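Note sheet for the following structure.
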Amino acid sequence: MSEFTLVVVDTVGIQPYIFGSNRLRENVGASHLVHMATGGWLFAEPERLLPRRHNIEQGALLESLHIETEEIDAEVIYAGGGNTAILFRIPDDATAFARKLSERVLCEAPGLDVVLVQQSFKWQQSLAQTLKDAFKRLGRQKAEREFDQPLLGLGVTAACRSTGLVANDEAQEPGEAGYIPLSSSAYAKWQQNEPAKWRLRNELLQVKDKKVSTAADFDFPDQFDQLGRTSGNQSYIAVVHADGNSMGERFDALGDTYCKWSGDGNREYIKKLRELSNTVNQIGQDALAAVVRKVWEWNETVIDEKPLLEPFVDDQGQKYLSIRPVVFGGDDVTFVCDGRIGLWAAQIFLEHFSQRMIEDEKGKKQPVRAAAGVAIVKVHYPFARAYNLSEQLSKRAKTEFGRQQNALDWHIAQSGLFGTLAEMRAREYQEQDDDEGKVVQSLLMRPMAVGATTESWRTWKNFVKLSHTLRNREQWSRNKVLDLREALTIGETAVRRFVANYRRDLPEMDGLSSKLYRQTGWYDDNAKRCVYFDAIEMIDQQLPELPTGTVQKETST
């Protein structure tokens, strides 16, 4: 009877590790270290972690080598979504792998918490059930782990500028004369900036379109100030967090289907699990690559001798793309960009993401959907708070439409962020919830549906149409738009006076049955929402010429 040891690798405390710094190079470096610890090192240098006979060749899994036929001593089941599963023939090899990976994390990614569990497994058992049990143990181990107690500095030690811990190294900011003290954790993140850029170029800019290859003239920014804001004018960045809908449930459903299977069924489960993991990773990567290419096009586009989205150029003449992916790989994606294109970049990601199909556990192709949250904040606003807000917005958008279609929500932080998202919406946008937490009144139409067919009038298409209308200065002067905004915040009576004074109904929206909203500015459809406030609020946070967010339909796979 063939007996193996299953090892599952995961990480803990990723959000503070990646987003805890206000230096973009550290955020990107931390994300790259997480990627390396959960699969990057394994695929790049398998000989350093695995026994001699394994199923990795040239950075890819060999489908022809199977551990149950004694061809290899270690088989990587899959690596994706931030965790890795490996089968070992000899228990000592599993222990050696855990030791080698732990040592490498301690030396090359200090501050990163990696959790491993080992589970005995016989091929006559169900691999799906064993993997499920291992993840349960992993969850308990995460909850019960002992937290690090770092030795804080003595009076004679310098403090790290990023972490506040004892500094034991230093680095020089580009363009700055002096050096800044850094802890081992922060310094390791700095060192990963260039490898992270290589990965971005290799995975997001390698496209068949020769025209796009000139994006090599651009570099990915290392600082938030290099995202392309106009000096003295625009000072906002957009933190975009996008996440696939019900992706975890798809993996759970696949596991449930094979929980009673064993033997040859285990091999079938491994095949299906790899296919699903690879497909999810490719969908997210392709969608992000589409966003990067589109931002590059906007950086290159000139309208009336003025750039649509002027890129940042440093003293050496180096141009920088107005976007920097921070986290990618799988359906969970985070990137930062110029605040004026945040919504359009998120919309393009969502529409490209949903053009693909995924096979379910029964072999039927099903559409995929995602939600995105966009936090638009001042350039030097605490990055961790901005990310947390974008994540809250993504979750709100996801639940608003029952996870059945793409959805987008955003928030503009004109000053600071105080309280929860619900508290900010109540304070700033007159949002009221019922006892079940459902919105019954709001100045906002968002969250809104993107791309997919919907019966709701709260759509990206309507938002863009209205934005174009209100930016037409021949019909809507800036003072007139500001007067409308003030009237909307006061109430329906004030809006009626506004309409009477200007002798013109408000712009028409698609999908609304009653036309009363053109007199009052509000529409009541299970919840009373303002029709026009979102488009007015975003006028000063958009480019002079609105970019197009149209995407070409691709063949589903």
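How things are named: the first chain in the structure tokens is A, the next is B, and so on; residues count from 1 in each chain; ligands count from 1 in the order shown.
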Using only C-alpha atoms, which residues sit within 10 Å of stretch 481-495 of chain A once same-chain residues fewer than 3 positions away are excluded, as a short mmCIF file (atom, residue, chain, number, x, y, z; two decimals) with C-alpha atoms, in the first residue's frame?
data_model
loop_
_atom_site.label_atom_id
_atom_site.label_comp_id
_atom_site.auth_asym_id
_atom_site.auth_seq_id
_atom_site.Cartn_x
_atom_site.Cartn_y
_atom_site.Cartn_z
CA GLU A 428 -21.10 62.07 3.91
CA TYR A 429 -23.83 60.70 1.64
CA GLN A 430 -26.99 60.60 3.78
CA LEU A 443 -27.09 60.09 -2.38
CA LEU A 470 -22.49 66.81 -17.43
CA ARG A 471 -19.03 67.58 -18.82
CA ARG A 473 -19.82 72.82 -21.10
CA TRP A 476 -23.78 72.30 -18.44
CA SER A 477 -21.47 75.03 -17.19
CA ARG A 478 -19.37 74.27 -14.14
CA PHE A 498 -33.19 74.23 -9.71
CA VAL A 499 -35.09 72.67 -12.64
CA ALA A 500 -37.58 75.53 -12.68
CA ASN A 501 -34.83 78.17 -12.66
CA LEU A 506 -32.32 66.83 -15.73
CA TYR A 517 -36.42 61.67 -11.29
CA ARG A 518 -35.74 64.31 -13.98
CA GLN A 519 -37.62 66.76 -11.76
CA THR A 520 -36.52 65.59 -8.31
CA GLY A 521 -33.07 64.05 -8.93
CA TRP A 522 -34.05 60.92 -7.00
CA CYS A 530 -29.96 59.95 -6.05
CA VAL A 531 -29.44 59.57 -9.79
CA TYR A 532 -26.84 62.26 -10.48
CA PHE A 533 -24.54 62.71 -7.48
CA ASP A 534 -21.90 60.08 -8.43
CA ALA A 535 -21.21 61.59 -11.85
CA ILE A 536 -20.98 65.12 -10.40
CA GLU A 537 -18.62 64.07 -7.62
CA ILE A 539 -15.96 65.38 -12.48
#
Handout entry: Within 12 Å of A:Ala74 using only C-alpha atoms, minus same-chain residues under 2 positions, as an MDAnalysis selection string
Key = chainID A and resid 4:7 42 46:47 49:56 61:62 65:72 76:77 85:94 96:97
May I have the residues from that selection written out with N, CA and C atoms, as a CSV table (one decimal), in the first residue's frame?
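Output file again-v4.csv is given in full below:
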chain,number,residue,atom,x,y,z
A,4,PHE,N,2.2,8.2,1.5
A,4,PHE,CA,2.8,9.4,1.2
A,4,PHE,C,2.6,10.4,2.3
A,5,THR,N,3.3,11.5,2.2
A,5,THR,CA,3.2,12.7,3.1
A,5,THR,C,2.8,13.9,2.3
A,6,LEU,N,1.6,14.4,2.7
A,6,LEU,CA,1.1,15.6,2.0
A,6,LEU,C,1.6,16.9,2.8
A,7,VAL,N,2.2,17.8,2.1
A,7,VAL,CA,2.6,19.1,2.8
A,7,VAL,C,1.9,20.2,2.1
A,42,LEU,N,10.1,27.5,-5.5
A,42,LEU,CA,9.9,26.1,-5.9
A,42,LEU,C,10.0,25.9,-7.4
A,46,PRO,N,13.8,24.2,-8.0
A,46,PRO,CA,13.3,23.0,-7.3
A,46,PRO,C,14.3,22.1,-6.7
A,47,GLU,N,15.5,22.1,-7.3
A,47,GLU,CA,16.6,21.3,-6.7
A,47,GLU,C,17.0,21.7,-5.3
A,49,LEU,N,14.9,22.7,-2.9
A,49,LEU,CA,13.9,22.4,-2.0
A,49,LEU,C,13.4,21.0,-2.0
A,50,LEU,N,13.4,20.3,-3.2
A,50,LEU,CA,12.8,19.0,-3.4
A,50,LEU,C,13.9,17.9,-3.5
A,51,PRO,N,13.5,16.7,-3.3
A,51,PRO,CA,14.5,15.6,-3.6
A,51,PRO,C,14.8,15.5,-5.1
A,52,ARG,N,15.7,14.7,-5.5
A,52,ARG,CA,16.2,14.8,-6.9
A,52,ARG,C,15.2,14.5,-7.9
A,53,ARG,N,14.3,13.5,-7.7
A,53,ARG,CA,13.3,13.2,-8.6
A,53,ARG,C,12.0,13.9,-8.3
A,54,HIS,N,11.6,14.8,-9.2
A,54,HIS,CA,10.3,15.6,-8.9
A,54,HIS,C,9.7,15.8,-10.3
A,55,ASN,N,8.5,16.6,-10.3
A,55,ASN,CA,7.8,16.8,-11.5
A,55,ASN,C,7.8,18.2,-12.0
A,56,ILE,N,8.9,18.9,-11.7
A,56,ILE,CA,9.1,20.3,-12.2
A,56,ILE,C,10.2,20.3,-13.2
A,61,LEU,N,5.0,22.3,-14.4
A,61,LEU,CA,4.7,20.9,-13.9
A,61,LEU,C,4.6,20.0,-15.1
A,62,LEU,N,5.2,18.8,-14.9
A,62,LEU,CA,5.2,17.8,-15.9
A,62,LEU,C,4.0,16.9,-15.6
A,65,LEU,N,4.6,12.7,-15.2
A,65,LEU,CA,5.3,12.1,-14.0
A,65,LEU,C,4.3,12.0,-12.8
A,66,HIS,N,4.1,10.8,-12.3
A,66,HIS,CA,3.2,10.5,-11.3
A,66,HIS,C,3.9,9.8,-10.1
A,67,ILE,N,3.6,10.3,-8.9
A,67,ILE,CA,4.3,9.8,-7.7
A,67,ILE,C,3.8,8.4,-7.4
A,68,GLU,N,2.5,8.0,-7.7
A,68,GLU,CA,2.0,6.7,-7.3
A,68,GLU,C,2.6,5.6,-8.1
A,69,THR,N,3.3,5.9,-9.3
A,69,THR,CA,3.9,4.9,-10.1
A,69,THR,C,5.4,4.8,-9.8
A,70,GLU,N,5.8,5.5,-8.7
A,70,GLU,CA,7.2,5.4,-8.3
A,70,GLU,C,8.2,6.0,-9.3
A,71,GLU,N,7.7,6.9,-10.2
A,71,GLU,CA,8.6,7.6,-11.1
A,71,GLU,C,9.4,8.7,-10.4
A,72,ILE,N,8.8,9.3,-9.4
A,72,ILE,CA,9.3,10.5,-8.7
A,72,ILE,C,9.2,10.3,-7.2
A,76,VAL,N,4.5,18.0,-7.0
A,76,VAL,CA,3.8,19.3,-6.6
A,76,VAL,C,2.4,19.1,-7.2
A,77,ILE,N,1.4,19.1,-6.3
A,77,ILE,CA,0.0,19.0,-6.8
A,77,ILE,C,-0.4,20.2,-7.5
A,85,ALA,N,0.6,22.7,-2.4
A,85,ALA,CA,0.4,21.4,-1.9
A,85,ALA,C,1.4,20.4,-2.7
A,86,ILE,N,2.1,19.6,-1.9
A,86,ILE,CA,3.1,18.7,-2.4
A,86,ILE,C,3.0,17.4,-1.8
A,87,LEU,N,3.1,16.3,-2.6
A,87,LEU,CA,3.1,14.9,-2.1
A,87,LEU,C,4.6,14.4,-2.0
A,88,PHE,N,5.0,13.8,-0.9
A,88,PHE,CA,6.3,13.3,-0.8
A,88,PHE,C,6.2,11.8,-0.5
A,89,ARG,N,7.1,11.0,-1.2
A,89,ARG,CA,7.1,9.5,-1.0
A,89,ARG,C,7.8,9.2,0.4
A,90,ILE,N,8.8,9.9,0.8
A,90,ILE,CA,9.5,9.6,2.0
A,90,ILE,C,9.3,10.7,3.0
A,91,PRO,N,8.8,10.4,4.2
A,91,PRO,CA,8.5,11.4,5.2
A,91,PRO,C,9.7,12.3,5.5
A,92,ASP,N,10.9,11.8,5.5
A,92,ASP,CA,12.1,12.6,5.8
A,92,ASP,C,12.3,13.7,4.7
A,93,ASP,N,11.9,13.4,3.5
A,93,ASP,CA,12.0,14.4,2.4
A,93,ASP,C,11.0,15.6,2.7
A,94,ALA,N,9.8,15.2,3.2
A,94,ALA,CA,8.8,16.2,3.6
A,94,ALA,C,9.4,17.1,4.7
A,96,ALA,N,12.5,17.6,5.4
A,96,ALA,CA,13.7,18.4,4.8
A,96,ALA,C,13.2,19.6,4.0
A,97,PHE,N,12.1,19.4,3.3
A,97,PHE,CA,11.5,20.5,2.5
A,97,PHE,C,11.0,21.6,3.5
Exercise for the section: Work out how far apart atom CA of A:Leu288 and atom CA of A:His352 are and give it in Å to one decimal. Expected result: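 Answer for the atom CA of A:Leu288 to atom CA of A:His352 separation: 8.4 Å.
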Practice task
Check the smallest atom-to-atom distance from each of A:Ser442, A:Gln316, A:Asn202, A:Ser354 to A:Asn406 using only C-alpha atoms, then report the winner.
Solution key: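 Closest residue, counting only C-alpha atoms: A:Ser354.
The spacing separating atom CA of A:Pro447 from atom CA of A:Ala397 amounts to 5.3 Å.
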Practice task
May I have all residues of stretch 191-357 of chain A that DSSP, computed from the backbone, assigns to strand (DSSP E or B), given as a PyMOL selection string?
Solution key: chain A and resi 218-219+236-244+302-303+306-307+312-313+319-320+323-327+332-338+357
Create the file for the chosen residues now, containing N, CA and C atoms and written as an mmCIF file, in the first residue's frame.
data_model
loop_
_atom_site.group_PDB
_atom_site.id
_atom_site.type_symbol
_atom_site.label_atom_id
_atom_site.label_comp_id
_atom_site.auth_asym_id
_atom_site.auth_seq_id
_atom_site.Cartn_x
_atom_site.Cartn_y
_atom_site.Cartn_z
ATOM 1 N N PHE A 218 8.778 52.410 -21.317
ATOM 2 C CA PHE A 218 8.309 52.842 -20.016
ATOM 3 C C PHE A 218 8.874 51.920 -18.936
ATOM 4 N N ASP A 219 8.923 52.435 -17.721
ATOM 5 C CA ASP A 219 9.276 51.613 -16.580
ATOM 6 C C ASP A 219 8.115 51.634 -15.607
ATOM 7 N N TYR A 236 -3.982 62.807 -6.337
ATOM 8 C CA TYR A 236 -4.694 61.613 -5.887
ATOM 9 C C TYR A 236 -4.183 60.375 -6.618
ATOM 10 N N ILE A 237 -4.168 59.263 -5.890
ATOM 11 C CA ILE A 237 -3.922 57.968 -6.493
ATOM 12 C C ILE A 237 -5.153 57.095 -6.242
ATOM 13 N N ALA A 238 -5.292 56.055 -7.030
ATOM 14 C CA ALA A 238 -6.379 55.094 -6.841
ATOM 15 C C ALA A 238 -5.792 53.753 -6.447
ATOM 16 N N VAL A 239 -6.271 53.215 -5.344
ATOM 17 C CA VAL A 239 -5.897 51.871 -4.914
ATOM 18 C C VAL A 239 -7.046 50.956 -5.296
ATOM 19 N N VAL A 240 -6.793 50.030 -6.202
ATOM 20 C CA VAL A 240 -7.834 49.165 -6.764
ATOM 21 C C VAL A 240 -7.631 47.738 -6.280
ATOM 22 N N HIS A 241 -8.656 47.188 -5.641
ATOM 23 C CA HIS A 241 -8.624 45.784 -5.221
ATOM 24 C C HIS A 241 -9.772 45.058 -5.905
ATOM 25 N N ALA A 242 -9.440 44.013 -6.672
ATOM 26 C CA ALA A 242 -10.448 43.220 -7.382
ATOM 27 C C ALA A 242 -10.358 41.772 -6.946
ATOM 28 N N ASP A 243 -11.506 41.123 -6.869
ATOM 29 C CA ASP A 243 -11.547 39.745 -6.372
ATOM 30 C C ASP A 243 -12.647 38.994 -7.107
ATOM 31 N N GLY A 244 -12.354 37.771 -7.530
ATOM 32 C CA GLY A 244 -13.345 36.956 -8.222
ATOM 33 C C GLY A 244 -14.473 36.533 -7.297
ATOM 34 N N VAL A 302 -2.272 61.345 -27.580
ATOM 35 C CA VAL A 302 -2.220 62.811 -27.604
ATOM 36 C C VAL A 302 -3.491 63.329 -28.275
ATOM 37 N N ILE A 303 -4.176 64.255 -27.623
ATOM 38 C CA ILE A 303 -5.410 64.860 -28.136
ATOM 39 C C ILE A 303 -5.220 66.369 -28.176
ATOM 40 N N LYS A 306 -2.145 67.682 -26.654
ATOM 41 C CA LYS A 306 -1.993 67.489 -25.221
ATOM 42 C C LYS A 306 -2.140 66.002 -24.902
ATOM 43 N N PRO A 307 -1.291 65.479 -24.036
ATOM 44 C CA PRO A 307 -1.403 64.054 -23.697
ATOM 45 C C PRO A 307 -2.682 63.773 -22.927
ATOM 46 N N PHE A 312 4.741 60.355 -15.874
ATOM 47 C CA PHE A 312 5.809 60.996 -15.109
ATOM 48 C C PHE A 312 7.140 60.726 -15.807
ATOM 49 N N VAL A 313 7.982 61.752 -15.903
ATOM 50 C CA VAL A 313 9.312 61.627 -16.501
ATOM 51 C C VAL A 313 10.321 62.144 -15.496
ATOM 52 N N LYS A 319 10.495 57.528 -18.652
ATOM 53 C CA LYS A 319 9.040 57.638 -18.521
ATOM 54 C C LYS A 319 8.504 56.471 -17.694
ATOM 55 N N TYR A 320 7.456 56.741 -16.926
ATOM 56 C CA TYR A 320 6.869 55.722 -16.063
ATOM 57 C C TYR A 320 5.395 55.543 -16.391
ATOM 58 N N ILE A 323 0.603 53.227 -13.751
ATOM 59 C CA ILE A 323 0.011 52.111 -13.005
ATOM 60 C C ILE A 323 1.128 51.241 -12.459
ATOM 61 N N ARG A 324 0.892 50.640 -11.299
ATOM 62 C CA ARG A 324 1.840 49.664 -10.754
ATOM 63 C C ARG A 324 1.066 48.537 -10.097
ATOM 64 N N PRO A 325 1.051 47.347 -10.687
ATOM 65 C CA PRO A 325 0.458 46.188 -10.008
ATOM 66 C C PRO A 325 1.236 45.865 -8.739
ATOM 67 N N VAL A 326 0.516 45.569 -7.673
ATOM 68 C CA VAL A 326 1.151 45.230 -6.396
ATOM 69 C C VAL A 326 0.984 43.742 -6.097
ATOM 70 N N VAL A 327 -0.251 43.250 -6.193
ATOM 71 C CA VAL A 327 -0.541 41.838 -5.935
ATOM 72 C C VAL A 327 -1.245 41.263 -7.159
ATOM 73 N N ASP A 332 -7.270 37.308 -7.117
ATOM 74 C CA ASP A 332 -7.129 38.393 -6.146
ATOM 75 C C ASP A 332 -6.043 39.343 -6.649
ATOM 76 N N VAL A 333 -6.449 40.561 -7.039
ATOM 77 C CA VAL A 333 -5.526 41.495 -7.686
ATOM 78 C C VAL A 333 -5.621 42.853 -7.007
ATOM 79 N N THR A 334 -4.473 43.485 -6.791
ATOM 80 C CA THR A 334 -4.421 44.849 -6.275
ATOM 81 C C THR A 334 -3.416 45.641 -7.094
ATOM 82 N N PHE A 335 -3.807 46.829 -7.538
ATOM 83 C CA PHE A 335 -2.872 47.714 -8.228
ATOM 84 C C PHE A 335 -3.163 49.156 -7.844
ATOM 85 N N VAL A 336 -2.176 50.004 -8.047
ATOM 86 C CA VAL A 336 -2.339 51.439 -7.807
ATOM 87 C C VAL A 336 -2.110 52.159 -9.121
ATOM 88 N N CYS A 337 -2.790 53.286 -9.294
ATOM 89 C CA CYS A 337 -2.658 54.039 -10.534
ATOM 90 C C CYS A 337 -2.994 55.501 -10.272
ATOM 91 N N ASP A 338 -2.814 56.314 -11.280
ATOM 92 C CA ASP A 338 -3.231 57.707 -11.220
ATOM 93 C C ASP A 338 -4.708 57.754 -10.827
ATOM 94 N N MET A 357 -14.582 31.614 -19.479
ATOM 95 C CA MET A 357 -15.476 30.635 -18.856
ATOM 96 C C MET A 357 -14.631 29.627 -18.084
#
Completion exercise
The residue from A:Lys271, A:Pro174, A:Asp10, A:Gly255 with the smallest atom-to-atom distance to A:Leu138, counting only C-alpha atoms, is A:Asp10
Please identify all polymer residues within 12 Å of A:Phe135, counting only C-alpha atoms, omitting same-chain residues fewer than 5 positions from it, and present them as a PDB file with C-alpha atoms, in the first residue's frame.
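Once everything was written out, this is out.pdb:
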ATOM      1  CA  LEU A   6       1.106  15.646   2.014  1.00  0.00           C
ATOM      2  CA  VAL A   7       2.616  19.070   2.782  1.00  0.00           C
ATOM      3  CA  VAL A   8       0.551  22.238   2.483  1.00  0.00           C
ATOM      4  CA  VAL A   9       2.177  25.687   2.587  1.00  0.00           C
ATOM      5  CA  ASP A  10       0.358  28.931   3.351  1.00  0.00           C
ATOM      6  CA  ASN A  83      -0.681  28.248  -1.107  1.00  0.00           C
ATOM      7  CA  THR A  84       1.092  25.111  -2.287  1.00  0.00           C
ATOM      8  CA  ALA A  85       0.402  21.378  -1.933  1.00  0.00           C
ATOM      9  CA  VAL A 115       2.763  28.017   7.959  1.00  0.00           C
ATOM     10  CA  LEU A 116       3.218  24.366   6.929  1.00  0.00           C
ATOM     11  CA  VAL A 117       1.295  21.237   7.851  1.00  0.00           C
ATOM     12  CA  GLN A 118       2.078  17.602   7.117  1.00  0.00           C
ATOM     13  CA  GLN A 119      -0.620  14.987   6.672  1.00  0.00           C
ATOM     14  CA  ALA A 128      -9.502  15.539  -1.912  1.00  0.00           C
ATOM     15  CA  GLN A 129     -10.607  14.675   1.630  1.00  0.00           C
ATOM     16  CA  THR A 130      -7.010  14.552   2.877  1.00  0.00           C
ATOM     17  CA  ARG A 140      -6.184  25.851  13.446  1.00  0.00           C
ATOM     18  CA  GLN A 141      -2.431  26.246  13.311  1.00  0.00           C
ATOM     19  CA  LYS A 142      -2.804  29.815  12.075  1.00  0.00           C
ATOM     20  CA  ASP A 252     -14.604  23.530  -2.530  1.00  0.00           C
ATOM     21  CA  GLY A 255     -13.099  18.834  -3.679  1.00  0.00           C
TER      22      GLY A 255
END
Per residue of stretch 368-429 of chain A within 8 Å of stretch 15-25 of chain A, record the nearest atom pair and its distance in Å to one decimal, counting only C-alpha atoms, with rows in chain order and ascending residue number, as CSV.
residue,atom,partner,partner_atom,distance
A:His380,CA,A:Asn22,CA,7.3
A:Tyr381,CA,A:Asn22,CA,7.9
A:Pro382,CA,A:Asn22,CA,6.1
A:Phe383,CA,A:Asn22,CA,5.5
A:Ala384,CA,A:Phe19,CA,4.9
A:Tyr387,CA,A:Phe19,CA,7.2
Exercise for the section: Calculate how many Å separate atom CA of A:Gln355 from atom CA of A:Arg267, rounding to one decimal. Expected result: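 Result for atom CA of A:Gln355 versus atom CA of A:Arg267: 29.6 Å, one decimal.
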